[in-house]
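Read the structure below first, then the notes.
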There are 2 protein chains.
Amino acid sequence: MNFIENTRTRIKPVSLELLQQAQTRLDNKTKPLGSLGRLEEFARRIVAISGNQNPDISKKVVFTFAGDHGVTEEGVSLFPREVTPQMVLNFLSGGAGINVLARHVGAEVRVVDVGVDYDFAGTVGLIQKKVARGTNNFAKGPAMTRAEMIAALSVGIELADQCRTEGVGVVGTGEMGIGNTTPSSAIIAAISGKSVAEVTHRGTGIGDEALYNKVRVIEQGLTLNKPDPNDPLDVLMKVGGFEIAAIAGLVLGCAANSIPVVIDGFISSAGALIATELHPNVRDYIFAAHTSVEIGHRFMLERMKVEPILDLNLRLGEGTGAALAITIIEAGVKILTEMATFEQAGVAKG
Amino acid sequence: MNFIENTRTRIKPVSLELLQQAQTRLDNKTKPLGSLGRLEEFARRIVAISGNQNPDISKKVVFTFAGDHGVTEEGVSLFPREVTPQMVLNFLSGGAGINVLARHVGAEVRVVDVGVDYDFAGTVGLIQKKVARGTNNFAKGPAMTRAEMIAALSVGIELADQCRTEGVGVVGTGEMGIGNTTPSSAIIAAISGKSVAEVTHRGTGIGDEALYNKVRVIEQGLTLNKPDPNDPLDVLMKVGGFEIAAIAGLVLGCAANSIPVVIDGFISSAGALIATELHPNVRDYIFAAHTSVEIGHRFMLERMKVEPILDLNLRLGEGTGAALAITIIEAGVKILTEMATFEQAGVAKG
């Protein structure tokens, strides 16, 4: 717990002076004032986060954390549980959606087993950080022990610390875990006080009856475990997941290390939400990649006070939305660092 | 006029069978059905447009057409008219917004003088297709002659034909022309019947008084010239611009040549709107890059029945939004061509 608390205390607000300096520079580029809209916002925020007036975020890493969920025994997902390890192997051989999109934008994918119910011994290319072979069924008791929750969070923090050492310019979050929209809905319901029905959706594509069951299962889990809405780690431990905890740690660690972090969709936002609830300045370091089809997502975005970048009806996860958003953010950074000024180009000002 | 009519008659509806075949293939990729949302839409549309089951749109070209506008003498813009040629030179030396974003997404920028009030003789790298040194002031008479309108349209068609020969996979539209939001507002007002005030905005950033004047100037131009809303070429000739006409020709030509074309913002959409009014199947070939800050833009998108891809508060033009949207579309294509199927990856179906 000391490690997490130490990380938390390293988080500082970003420099408003750097934000302003970057905007002043943008205002001298050959374009009408403010005409590149959110690209300008991304550029000035990356300057303020990194503390670098000429940031270079070409070294881009997407972390795809995998974990299984005890709650799948309640029939909350359309896909069988063995799909989690199968997809991990798909990530490692480069055939999944995240691999295609990360290659497209020049990002590296790092796949992390933080709690898959499968023995990956000897599997090459996987970052092996398994805390346990899946969480417990939160409809019957806490999803994890306090020690497990801390271990999974710490995995994410350590990976962020390592990114700092390596000079990674921007990090994206992603996940894989059959059943993991269920803990994500539980987390936003617990923290926001919204009803479970308001924040629970079809995940990979369940029908009406299964959706009704999913809502009932989450309600049961919240009633039984009574997570404390004012204690994000209690919520995470009782109704979260290992990959969600690792994402929370990664986001916290990125904020502590002054690394911009791009949050993928619904499940990633559940992790990011734990981090922003742990420290209010975390939100200065995050970018919301997109608006998920999952109905609970907008409550997470509202709570974190972040504006999504893309709206493409995505609901795959893995980090796919984050990969696409990262290239838009990088475009904004290049506007700052590569565009000519009015003076350089000999263009008259308005 | 025969050239334009011949091009028009070459435009065919896209194949619904190819659309369906592409979606069936997408449905076998390792992801929940439909979970990549609009990326899947982009992929199947590119298949249907190109007629290629395995399209490759890595050869990407953005055309930035430049032209001047007689109506600037009415004080409709914040920037002086000489900024048009200054920005053309900025494009050619690689320092403008479009250069930065096109480089970022791996697209080539082709700069075309179709009507700038400047002598570019000897300028290297510019595609010189000048029809005249700016349009006439449409507040006092037609913006161009019928011959000029046809010449400017033909420039765009010829460039599209050349793209077909070169094997260009996707084309983006862009423009530069001080004052060109004014003819764009005039075009959508003339075609849609909306009031000028509803479709006229601040362009590069004019204040309230100048906006009031801009509305008055456009109203005067429409009253004087009486463009026929059922004759898009009459509208283009009387209240359009040379770069807008060239974009209309480019879009028409791309549709005739089965090349997907990504429409940038407000001014590009004015050109695309002329093309879609000329032939209803043109809309099958276009992608709307983004939602512009200009208030008239949404009426153009509604009229063309197209859904924008990005919403980043852009209002620069040049093709900047098109460049960003192109890389998102290309990502969708790669989902189709690069992702593993359930069978290939050994992943269980839901």
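Letters A, B, ... mark the chains of the structure tokens in the order given; residue numbers begin at 1 per chain; ligand numbers begin at 1, in order shown.
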Quiz item: How far apart are chain B and chain A by Cα RMSD after a least-squares superposition over every Cα, paired in order?
Solution: 0.0 Å
Would you mind listing, for every residue of chain B within 6 Å of chain A, the two atoms forming the shortest contact and the distance between them in Å to one decimal, using only C-alpha atoms, sorted by chain and ascending residue number, as CSV?
residue,atom,partner,partner_atom,distance
B:Pro32,CA,A:Thr204,CA,5.4
B:Ser35,CA,A:Arg315,CA,4.9
B:Leu36,CA,A:Leu314,CA,4.8
B:Gly37,CA,A:Asn313,CA,4.6
B:Arg38,CA,A:Leu312,CA,5.2
B:Leu78,CA,A:Gly350,CA,5.4
B:Phe79,CA,A:Gly350,CA,4.2
B:Gln86,CA,A:Val347,CA,5.5
B:Asn90,CA,A:Ala345,CA,5.9
B:Gly95,CA,A:Ala340,CA,4.7
B:Ala96,CA,A:Met339,CA,5.7
B:Thr204,CA,A:Pro32,CA,5.4
B:Leu312,CA,A:Arg38,CA,5.2
B:Asn313,CA,A:Gly37,CA,4.6
B:Leu314,CA,A:Leu36,CA,4.8
B:Arg315,CA,A:Ser35,CA,4.9
B:Leu316,CA,A:Ser35,CA,5.1
B:Met339,CA,A:Gly95,CA,5.0
B:Ala340,CA,A:Gly95,CA,4.7
B:Ala345,CA,A:Asn90,CA,5.8
B:Val347,CA,A:Gln86,CA,5.5
B:Gly350,CA,A:Phe79,CA,4.2
Exercise. Write out as a list in words which residues come within 9 Å of Glu198 in chain A when counting only C-alpha atoms, dropping same-chain ones fewer than 6 positions away.
Key: Ala189, Ile295 and Gly296 of chain A
Atoms kept (N, CA, C and O atoms) for selection, written as a compact mmCIF listing (two decimals), in the first residue's frame:
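File written: selection_14.txt
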# COMPACT_ATOMS: atom_id res chain seq x y z
N ALA A 189 -21.74 2.24 -11.20
CA ALA A 189 -22.95 2.30 -10.37
C ALA A 189 -22.57 2.59 -8.92
O ALA A 189 -23.16 3.46 -8.27
N ILE A 295 -23.79 2.07 -22.60
CA ILE A 295 -24.52 3.25 -22.10
C ILE A 295 -23.94 3.84 -20.81
O ILE A 295 -24.15 5.00 -20.52
N GLY A 296 -23.20 3.03 -20.04
CA GLY A 296 -22.65 3.56 -18.79
C GLY A 296 -21.44 4.46 -19.01
O GLY A 296 -21.01 5.16 -18.09
Quiz prompt | Contact residues around Gly319 in chain B with only C-alpha atoms at 10 Å, ignoring same-chain residues under 5 positions, as a list in words | solution =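 In the requested form, the answer reads Val62, Phe63, Thr64, Phe65, Gly97, Ile98, Asn99, Leu101, Ala102, Val109, Gly172, Thr173, Gly174, Glu175, Met176, Val262, Ile263, Asp264, Gly265, Ile267, Ser268, Ala289, Leu324 and Ala325 of chain B.
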Output for the residues just chosen: N, CA, C and O atoms as a compact mmCIF listing (two decimals), in the first residue's frame:
# COMPACT_ATOMS: atom_id res chain seq x y z
N VAL B 62 -4.23 14.37 -51.25
CA VAL B 62 -5.13 15.48 -50.91
C VAL B 62 -4.88 16.61 -51.91
O VAL B 62 -3.74 17.03 -52.11
N PHE B 63 -5.95 17.05 -52.57
CA PHE B 63 -5.85 18.18 -53.49
C PHE B 63 -6.25 19.46 -52.77
O PHE B 63 -7.37 19.54 -52.23
N THR B 64 -5.37 20.44 -52.78
CA THR B 64 -5.70 21.74 -52.19
C THR B 64 -5.80 22.74 -53.34
O THR B 64 -4.79 23.12 -53.95
N PHE B 65 -7.04 23.11 -53.65
CA PHE B 65 -7.32 24.04 -54.75
C PHE B 65 -7.35 25.46 -54.22
O PHE B 65 -8.00 25.73 -53.20
N GLY B 97 -0.74 23.84 -42.25
CA GLY B 97 -1.44 22.79 -41.50
C GLY B 97 -1.65 21.54 -42.34
O GLY B 97 -1.39 20.42 -41.88
N ILE B 98 -2.07 21.71 -43.58
CA ILE B 98 -2.34 20.53 -44.41
C ILE B 98 -1.06 19.73 -44.66
O ILE B 98 -1.09 18.49 -44.71
N ASN B 99 0.07 20.43 -44.79
CA ASN B 99 1.32 19.70 -45.02
C ASN B 99 1.67 18.82 -43.82
O ASN B 99 2.05 17.67 -43.96
N LEU B 101 -0.35 17.64 -41.46
CA LEU B 101 -1.28 16.53 -41.24
C LEU B 101 -1.17 15.48 -42.35
O LEU B 101 -1.28 14.28 -42.09
N ALA B 102 -0.95 15.92 -43.58
CA ALA B 102 -0.80 14.95 -44.68
C ALA B 102 0.46 14.11 -44.46
O ALA B 102 0.44 12.90 -44.64
N VAL B 109 0.26 15.94 -50.80
CA VAL B 109 -0.55 17.14 -51.04
C VAL B 109 -0.25 17.65 -52.46
O VAL B 109 0.92 17.83 -52.81
N GLY B 172 -8.51 13.13 -51.08
CA GLY B 172 -9.09 14.09 -50.15
C GLY B 172 -9.23 15.44 -50.83
O GLY B 172 -8.44 15.76 -51.73
N THR B 173 -10.23 16.21 -50.42
CA THR B 173 -10.41 17.54 -50.99
C THR B 173 -9.93 18.60 -50.01
O THR B 173 -10.02 18.41 -48.80
N GLY B 174 -9.45 19.72 -50.55
CA GLY B 174 -9.06 20.83 -49.70
C GLY B 174 -9.06 22.10 -50.51
O GLY B 174 -9.13 22.06 -51.74
N GLU B 175 -8.97 23.23 -49.84
CA GLU B 175 -9.01 24.50 -50.56
C GLU B 175 -8.38 25.62 -49.76
O GLU B 175 -8.19 25.53 -48.55
N MET B 176 -8.05 26.67 -50.47
CA MET B 176 -7.57 27.91 -49.88
C MET B 176 -8.10 29.03 -50.74
O MET B 176 -7.95 28.99 -51.97
N VAL B 262 -12.77 11.88 -49.91
CA VAL B 262 -13.04 12.36 -48.56
C VAL B 262 -13.17 13.88 -48.60
O VAL B 262 -12.23 14.59 -48.98
N ILE B 263 -14.35 14.35 -48.22
CA ILE B 263 -14.67 15.77 -48.31
C ILE B 263 -14.27 16.45 -47.01
O ILE B 263 -14.70 16.05 -45.94
N ASP B 264 -13.50 17.51 -47.12
CA ASP B 264 -13.02 18.20 -45.91
C ASP B 264 -14.18 18.90 -45.19
O ASP B 264 -15.09 18.20 -44.73
N GLY B 265 -14.19 20.21 -45.10
CA GLY B 265 -15.19 20.89 -44.28
C GLY B 265 -16.22 21.66 -45.08
O GLY B 265 -16.76 21.17 -46.07
N ILE B 267 -16.28 24.50 -47.08
CA ILE B 267 -16.11 24.93 -48.47
C ILE B 267 -16.03 23.70 -49.40
O ILE B 267 -16.65 23.69 -50.47
N SER B 268 -15.30 22.69 -48.95
CA SER B 268 -15.25 21.45 -49.74
C SER B 268 -16.63 20.84 -49.89
O SER B 268 -16.97 20.30 -50.95
N ALA B 289 -15.51 14.18 -43.93
CA ALA B 289 -14.39 14.07 -42.98
C ALA B 289 -14.78 14.48 -41.57
O ALA B 289 -14.46 13.80 -40.61
N LEU B 324 -7.00 13.84 -41.75
CA LEU B 324 -7.20 13.05 -40.53
C LEU B 324 -8.23 11.94 -40.75
O LEU B 324 -8.05 10.81 -40.29
N ALA B 325 -9.31 12.27 -41.44
CA ALA B 325 -10.35 11.26 -41.67
C ALA B 325 -9.83 10.12 -42.54
O ALA B 325 -10.19 8.96 -42.35
Quiz item: Which of range 49-293 of chain A counts as alpha helix (DSSP H) under DSSP, as number ranges by chain please?
Solution: A: 49-50, 83-93, 97-105, 146-166, 181-192, 196-199, 208-225, 232-239, 242-256, 266-278
Exercise. Per DSSP on the backbone, filter range 26-113 of chain A down to the residues in strand (DSSP E) and report them as an MDAnalysis selection string.
Key: chainID A and resid 60:67 107:113
List the spatial neighbours of Thr72 in chain B as a PDB file with N, CA, C and O atoms, in the first residue's frame - criterion: any atom at most 9 Å away, only C-alpha atoms, same-chain residues fewer than 3 positions off excluded.
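Saved the output as selection-v6.pdb:
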ATOM      1  N   ASP B  68      -9.206  32.980 -55.797  1.00  0.00           N
ATOM      2  CA  ASP B  68      -9.607  34.236 -55.146  1.00  0.00           C
ATOM      3  C   ASP B  68     -11.046  34.584 -55.499  1.00  0.00           C
ATOM      4  O   ASP B  68     -11.645  33.988 -56.405  1.00  0.00           O
ATOM      5  N   HIS B  69     -11.570  35.551 -54.743  1.00  0.00           N
ATOM      6  CA  HIS B  69     -13.003  35.848 -54.805  1.00  0.00           C
ATOM      7  C   HIS B  69     -13.248  37.344 -54.916  1.00  0.00           C
ATOM      8  O   HIS B  69     -12.839  38.105 -54.033  1.00  0.00           O
ATOM      9  N   GLY B  75     -15.608  43.318 -48.066  1.00  0.00           N
ATOM     10  CA  GLY B  75     -15.168  43.226 -46.673  1.00  0.00           C
ATOM     11  C   GLY B  75     -15.748  42.043 -45.919  1.00  0.00           C
ATOM     12  O   GLY B  75     -16.105  42.152 -44.743  1.00  0.00           O
ATOM     13  N   VAL B  76     -15.825  40.873 -46.578  1.00  0.00           N
ATOM     14  CA  VAL B  76     -16.417  39.704 -45.921  1.00  0.00           C
ATOM     15  C   VAL B  76     -15.417  38.872 -45.125  1.00  0.00           C
ATOM     16  O   VAL B  76     -15.812  37.961 -44.391  1.00  0.00           O
ATOM     17  N   SER B  77     -14.116  39.145 -45.260  1.00  0.00           N
ATOM     18  CA  SER B  77     -13.118  38.326 -44.560  1.00  0.00           C
ATOM     19  C   SER B  77     -12.225  39.153 -43.657  1.00  0.00           C
ATOM     20  O   SER B  77     -12.024  40.347 -43.874  1.00  0.00           O
ATOM     21  N   PRO B  80      -6.539  39.772 -45.473  1.00  0.00           N
ATOM     22  CA  PRO B  80      -6.437  40.423 -46.790  1.00  0.00           C
ATOM     23  C   PRO B  80      -6.278  39.376 -47.901  1.00  0.00           C
ATOM     24  O   PRO B  80      -5.778  38.283 -47.675  1.00  0.00           O
ATOM     25  N   ARG B  81      -6.681  39.767 -49.088  1.00  0.00           N
ATOM     26  CA  ARG B  81      -6.707  38.881 -50.252  1.00  0.00           C
ATOM     27  C   ARG B  81      -5.342  38.299 -50.615  1.00  0.00           C
ATOM     28  O   ARG B  81      -5.258  37.161 -51.108  1.00  0.00           O
ATOM     29  N   ASN B 137     -17.135  39.820 -58.366  1.00  0.00           N
ATOM     30  CA  ASN B 137     -17.891  40.062 -57.138  1.00  0.00           C
ATOM     31  C   ASN B 137     -19.358  39.690 -57.363  1.00  0.00           C
ATOM     32  O   ASN B 137     -20.068  40.382 -58.101  1.00  0.00           O
ATOM     33  N   ILE B 178      -9.122  33.244 -49.712  1.00  0.00           N
ATOM     34  CA  ILE B 178      -9.668  34.246 -48.792  1.00  0.00           C
ATOM     35  C   ILE B 178     -11.065  34.649 -49.270  1.00  0.00           C
ATOM     36  O   ILE B 178     -11.260  34.954 -50.445  1.00  0.00           O
ATOM     37  N   GLY B 179     -12.010  34.594 -48.348  1.00  0.00           N
ATOM     38  CA  GLY B 179     -13.390  34.958 -48.671  1.00  0.00           C
ATOM     39  C   GLY B 179     -14.271  33.772 -49.039  1.00  0.00           C
ATOM     40  O   GLY B 179     -15.472  33.957 -49.270  1.00  0.00           O
ATOM     41  N   ASN B 180     -13.734  32.552 -49.083  1.00  0.00           N
ATOM     42  CA  ASN B 180     -14.522  31.476 -49.695  1.00  0.00           C
ATOM     43  C   ASN B 180     -15.603  30.831 -48.819  1.00  0.00           C
ATOM     44  O   ASN B 180     -16.367  30.001 -49.321  1.00  0.00           O
ATOM     45  N   THR B 182     -17.944  32.739 -47.965  1.00  0.00           N
ATOM     46  CA  THR B 182     -19.068  33.541 -48.477  1.00  0.00           C
ATOM     47  C   THR B 182     -19.774  32.845 -49.653  1.00  0.00           C
ATOM     48  O   THR B 182     -20.985  32.611 -49.585  1.00  0.00           O
TER      49      THR B 182
END
Quiz prompt | Shell of 10 Å around Gln53 in chain A, only C-alpha atoms, local chain residues under 3 positions omitted, as a list in words | solution =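 Non-adjacent residues within range: Leu18, Leu19, Gln21, Ala22, Arg25, Ala43, Arg44, Ile46, Val47, Ala48, Ser50, Asp56, Leu336 and Thr337 of chain A.
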Neighbouring residues of Asn257 in chain A were defined as those with any atom within 8 Å, considering only C-alpha atoms; residues of the same chain fewer than 4 positions away were excluded. Please report them as a PDB file with N, CA and C atoms, in the first residue's frame.
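The resulting file, selection.pdb, is reproduced below:
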ATOM      1  N   ARG A  10       3.117  11.576  -5.721  1.00  0.00           N
ATOM      2  CA  ARG A  10       3.986  12.134  -6.770  1.00  0.00           C
ATOM      3  C   ARG A  10       3.191  12.922  -7.811  1.00  0.00           C
ATOM      4  N   ILE A  11       1.863  12.804  -7.788  1.00  0.00           N
ATOM      5  CA  ILE A  11       1.034  13.433  -8.835  1.00  0.00           C
ATOM      6  C   ILE A  11       0.849  14.927  -8.560  1.00  0.00           C
ATOM      7  N   ALA A 160       4.093   1.741 -15.808  1.00  0.00           N
ATOM      8  CA  ALA A 160       4.183   3.181 -16.095  1.00  0.00           C
ATOM      9  C   ALA A 160       5.567   3.712 -15.724  1.00  0.00           C
ATOM     10  N   ASP A 161       6.062   3.278 -14.580  1.00  0.00           N
ATOM     11  CA  ASP A 161       7.410   3.708 -14.164  1.00  0.00           C
ATOM     12  C   ASP A 161       8.445   3.310 -15.226  1.00  0.00           C
ATOM     13  N   ARG A 164       8.485   5.562 -18.232  1.00  0.00           N
ATOM     14  CA  ARG A 164       9.246   6.789 -17.974  1.00  0.00           C
ATOM     15  C   ARG A 164      10.726   6.553 -18.267  1.00  0.00           C
ATOM     16  N   GLY A 253       0.080   5.719 -12.414  1.00  0.00           N
ATOM     17  CA  GLY A 253       1.523   5.754 -12.658  1.00  0.00           C
ATOM     18  C   GLY A 253       1.898   6.726 -13.762  1.00  0.00           C
TER      19      GLY A 253
END
Self-check item: A:Gly193, A:Gly134, A:Gly177, A:Gly115 ranked by distance to Gly70 in chain A, top pick (using only C-alpha atoms)
Solution: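 Comparing A:Gly193, A:Gly134, A:Gly177, A:Gly115 against Gly70 in chain A, the winner is A:Gly134.
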Self-check item: Counting only C-alpha atoms, the residue of A:Asp284, A:Asp208, A:Glu277, A:Asp117 that sits nearest Ala255 in chain A
Solution: A:Asp284
Practice problem: Measure the distance from CA of Met300 in chain A to CA of Ser192 in chain A in Å and round it to one decimal. | Solution: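 Distance between the two atoms: 8.4 Å.
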